[in-house]
file protein07.txt (compact mmCIF, C-alpha atoms)
# COMPACT_ATOMS: atom_id res chain seq x y z
CA MET A 25 -5.93 -16.92 -25.99
CA LYS A 26 -8.09 -17.27 -22.89
CA THR A 27 -5.42 -19.38 -21.20
CA LEU A 28 -2.70 -16.85 -22.02
CA GLN A 29 -4.84 -13.95 -20.78
CA ARG A 30 -5.64 -15.81 -17.56
CA THR A 31 -1.97 -16.67 -17.01
CA VAL A 32 -0.89 -13.06 -17.59
CA LEU A 33 -3.54 -11.73 -15.19
CA ILE A 34 -2.58 -14.25 -12.50
CA GLY A 35 1.10 -13.36 -12.96
CA LEU A 36 0.41 -9.62 -12.83
CA GLY A 37 -1.85 -10.10 -9.81
CA THR A 38 0.83 -12.10 -8.02
CA VAL A 39 3.51 -9.47 -8.72
CA ALA A 40 1.12 -6.76 -7.48
CA LEU A 41 0.36 -8.83 -4.38
CA ILE A 42 4.06 -9.24 -3.61
CA CYS A 43 4.61 -5.48 -4.07
CA GLY A 44 1.65 -4.80 -1.77
CA VAL A 45 3.05 -7.07 0.95
CA ILE A 46 6.46 -5.40 0.60
CA GLY A 47 4.62 -2.08 0.92
CA ILE A 48 3.35 -3.12 4.34
CA ILE A 49 6.97 -3.48 5.45
CA LEU A 50 8.53 -0.62 3.45
CA PRO A 51 6.40 2.49 3.76
CA LEU A 52 7.78 4.11 0.61
CA ILE A 53 5.89 1.54 -1.48
CA PRO A 54 2.12 2.06 -1.57
CA THR A 55 0.25 -0.99 -0.28
CA THR A 56 -3.38 -0.36 -1.15
CA PRO A 57 -2.99 0.37 -4.90
CA PHE A 58 -0.98 -2.82 -5.41
CA LEU A 59 -3.51 -4.87 -3.47
CA LEU A 60 -6.36 -3.30 -5.45
CA LEU A 61 -4.55 -4.25 -8.68
CA ALA A 62 -4.02 -7.79 -7.40
CA GLY A 63 -7.70 -8.04 -6.51
CA PHE A 64 -8.72 -6.80 -9.96
CA CYS A 65 -6.42 -9.25 -11.74
CA TYR A 66 -7.53 -12.18 -9.59
CA ALA A 67 -11.21 -11.26 -10.00
CA LYS A 68 -10.79 -11.42 -13.79
CA SER A 69 -8.72 -14.62 -13.82
CA SER A 70 -9.19 -16.84 -10.76
CA LYS A 71 -12.12 -16.87 -8.35
CA LYS A 72 -10.09 -19.11 -6.00
CA LEU A 73 -7.18 -16.63 -5.74
CA TYR A 74 -9.57 -13.67 -5.45
CA ASP A 75 -11.46 -15.34 -2.60
CA LYS A 76 -8.19 -16.20 -0.82
CA LEU A 77 -7.04 -12.60 -1.10
CA MET A 78 -10.33 -11.10 0.05
CA ASN A 79 -10.66 -13.54 2.96
CA ASN A 80 -7.11 -12.91 4.21
CA LYS A 81 -7.32 -11.22 7.63
CA ILE A 82 -4.70 -8.57 6.85
CA LEU A 83 -4.64 -8.09 3.09
CA GLY A 84 -8.38 -8.41 2.55
CA GLU A 85 -9.02 -5.59 5.03
CA TYR A 86 -6.92 -3.13 3.00
CA ILE A 87 -9.01 -3.81 -0.08
CA LYS A 88 -12.38 -3.91 1.69
CA ASN A 89 -11.75 -0.68 3.60
CA TYR A 90 -10.70 1.19 0.52
CA ARG A 91 -13.32 -0.31 -1.80
CA GLU A 92 -16.23 0.18 0.58
CA HIS A 93 -15.27 3.47 2.24
CA LYS A 94 -12.51 5.02 0.09
CA ALA A 95 -10.64 5.39 3.39
CA ILE A 96 -7.67 4.10 5.39
CA PRO A 97 -7.78 3.56 9.18
CA MET A 98 -5.92 6.10 11.35
CA LYS A 99 -3.40 3.64 12.82
CA PRO A 100 -1.80 2.64 9.47
CA LYS A 101 -1.69 6.31 8.50
CA ILE A 102 0.19 7.25 11.67
CA ILE A 103 2.52 4.26 11.50
CA GLY A 104 3.29 4.90 7.83
CA ILE A 105 4.07 8.57 8.37
CA LEU A 106 6.23 7.83 11.42
CA ILE A 107 8.24 5.22 9.55
CA ILE A 108 8.69 7.48 6.53
CA TRP A 109 9.97 10.40 8.59
CA SER A 110 12.11 8.17 10.83
CA SER A 111 13.77 6.82 7.69
CA VAL A 112 14.36 10.33 6.35
CA PHE A 113 15.87 11.56 9.61
CA TYR A 114 18.03 8.44 9.88
CA THR A 115 19.30 9.10 6.36
CA PHE A 116 20.00 12.76 7.17
CA PHE A 117 21.95 12.13 10.36
CA PHE A 118 23.52 8.67 10.08
CA LEU A 119 24.20 7.99 6.41
CA SER A 120 26.75 9.79 4.32
CA ALA A 121 24.35 10.27 1.42
CA GLY A 122 24.97 13.30 -0.75
CA ILE A 123 22.89 16.45 -0.32
CA TYR A 124 20.98 15.78 -3.56
CA LEU A 125 19.96 12.32 -2.38
CA LYS A 126 18.86 13.76 0.95
CA VAL A 127 16.77 16.41 -0.83
CA ILE A 128 15.15 13.71 -2.99
CA PHE A 129 14.32 11.64 0.12
CA PHE A 130 12.88 14.71 1.82
CA ILE A 131 10.73 15.64 -1.18
CA GLY A 132 9.57 12.02 -1.49
CA ALA A 133 8.61 11.96 2.20
CA VAL A 134 6.65 15.21 1.83
CA VAL A 135 4.78 13.91 -1.22
CA ILE A 136 3.97 10.53 0.35
CA THR A 137 2.89 12.18 3.59
CA TYR A 138 0.59 14.47 1.62
CA LEU A 139 -0.86 11.51 -0.27
CA ILE A 140 -1.48 9.56 2.93
CA LEU A 141 -3.12 12.53 4.60
CA SER A 142 -5.25 13.30 1.55
CA ILE A 143 -6.99 9.92 1.78
CA LYS A 144 -10.06 9.96 3.97
CA THR A 145 -9.62 8.43 7.44
CA LEU A 146 -11.78 5.40 8.18
CA LYS A 147 -13.91 6.03 11.24
CA ARG A 148 -13.95 3.30 13.87
CA ASP A 149 -17.75 3.02 13.93
CA ILE A 150 -17.88 2.27 10.19
CA THR A 151 -16.30 -1.13 10.72
CA ALA A 152 -18.28 -1.95 13.86
call {"tool": "encode", "arguments": {"input": "protein07.txt", "output": "structure tokens"}}
result
Amino acid sequence: MKTLQRTVLIGLGTVALICGVIGIILPLIPTTPFLLLAGFCYAKSSKKLYDKLMNNKILGEYIKNYREHKAIPMKPKIIGILIIWSSVFYTFFFLSAGIYLKVIFFIGAVVITYLILSIKTLKRDITA
């Protein structure tokens, strides 16, 4: 049973890690929650994978910033919001999506923007 549990946790952690990396590229997918899930799964199943994740220059910072400060730096917040709204405006003006789909995209962008803004902003001097 231990081997099965370990395998399942590593698999779930890997899927969460992939989703987190995709979330860095596609702003409609949340990055930090998936990376936190990956970290949790790896911590319970594989010290080697957990250490690799935490020591990664990019991915480890997401987890450390959120875990230690419950905050996200300003730059990713701004970039995420800009990409979300650029995508919405592109959809509105250049794609022939139906009005219902456009409304859903708009509502999704509002909700995600609210969620991003509701997370505390990491101050620069915290990491120094």
call {"tool": "residues_around", "arguments": {"input": "protein07.txt", "residues": "Val45 in chain A", "least_positions_apart": "4", "cutoff": "8 Å", "atoms": "all atoms listed in the file", "output": "list in words"}}
result
Leu41, Ile49 and Thr55 of chain A
call {"tool": "closest_residue", "arguments": {"input": "protein07.txt", "among": "A:Trp109, A:Tyr114, A:Tyr74, A:Tyr66", "to": "Gly37 in chain A", "atoms": "only C-alpha atoms"}}
result
A:Tyr66
call {"tool": "closest_residue", "arguments": {"input": "protein07.txt", "among": "A:Gly84, A:Leu77, A:Tyr138, A:Ile53", "to": "Thr38 in chain A", "atoms": "all atoms listed in the file"}}
result
A:Leu77
call {"tool": "closest_residue", "arguments": {"input": "protein07.txt", "among": "A:Val39, A:Ile87, A:Val134, A:Ile140", "to": "Pro100 in chain A", "atoms": "only C-alpha atoms"}}
result
A:Ile140
call {"tool": "residues_around", "arguments": {"input": "protein07.txt", "residues": "Leu50 in chain A", "least_positions_apart": "3", "cutoff": "9 Å", "atoms": "all atoms listed in the file", "output": "PyMOL selection string"}}
result
chain A and resi 45-47+53-54+104+107-108
call {"tool": "closest_residue", "arguments": {"input": "protein07.txt", "among": "A:Lys26, A:Lys88, A:Lys99, A:Lys126", "to": "Lys68 in chain A", "atoms": "only C-alpha atoms"}}
result
A:Lys26
call {"tool": "atom_distance", "arguments": {"input": "protein07.txt", "atom1": "CA of Ala62 in chain A", "atom2": "CA of Ile105 in chain A"}}
result
24.1 Å
call {"tool": "closest_residue", "arguments": {"input": "protein07.txt", "among": "A:Ile48, A:Ile131, A:Ile34, A:Ile136", "to": "Ser69 in chain A", "atoms": "all atoms listed in the file"}}
result
A:Ile34
call {"tool": "closest_residue", "arguments": {"input": "protein07.txt", "among": "A:Met78, A:Ile123, A:Ile103, A:Ala95", "to": "Ser142 in chain A", "atoms": "all atoms listed in the file"}}
result
A:Ala95
call {"tool": "atom_distance", "arguments": {"input": "protein07.txt", "atom1": "CA of Cys65 in chain A", "atom2": "CA of Leu33 in chain A"}}
result
5.1 Å
call {"tool": "atom_distance", "arguments": {"input": "protein07.txt", "atom1": "CA of Lys144 in chain A", "atom2": "CA of Pro57 in chain A"}}
result
14.9 Å
call {"tool": "residues_around", "arguments": {"input": "protein07.txt", "residues": "Glu85 in chain A", "least_positions_apart": "3", "cutoff": "12 Å", "atoms": "only C-alpha atoms", "output": "PyMOL selection string"}}
result
chain A and resi 55-56+59-60+63+77-82+88-93+95-97+100+146+151
call {"tool": "residues_around", "arguments": {"input": "protein07.txt", "residues": "Thr115 in chain A", "least_positions_apart": "5", "cutoff": "9 Å", "atoms": "only C-alpha atoms", "output": "NGL selection string"}}
result
:A and (110 or 120-121 or 126 or 129)
call {"tool": "write_last_selection", "arguments": {"input": "protein07.txt", "atoms": "C-alpha atoms", "output": "PDB file, in the frame of the given file"}}
result
ATOM      1  CA  SER A 110      12.110   8.170  10.830  1.00  0.00           C
ATOM      2  CA  SER A 120      26.750   9.790   4.320  1.00  0.00           C
ATOM      3  CA  ALA A 121      24.350  10.270   1.420  1.00  0.00           C
ATOM      4  CA  LYS A 126      18.860  13.760   0.950  1.00  0.00           C
ATOM      5  CA  PHE A 129      14.320  11.640   0.120  1.00  0.00           C
TER       6      PHE A 129
END
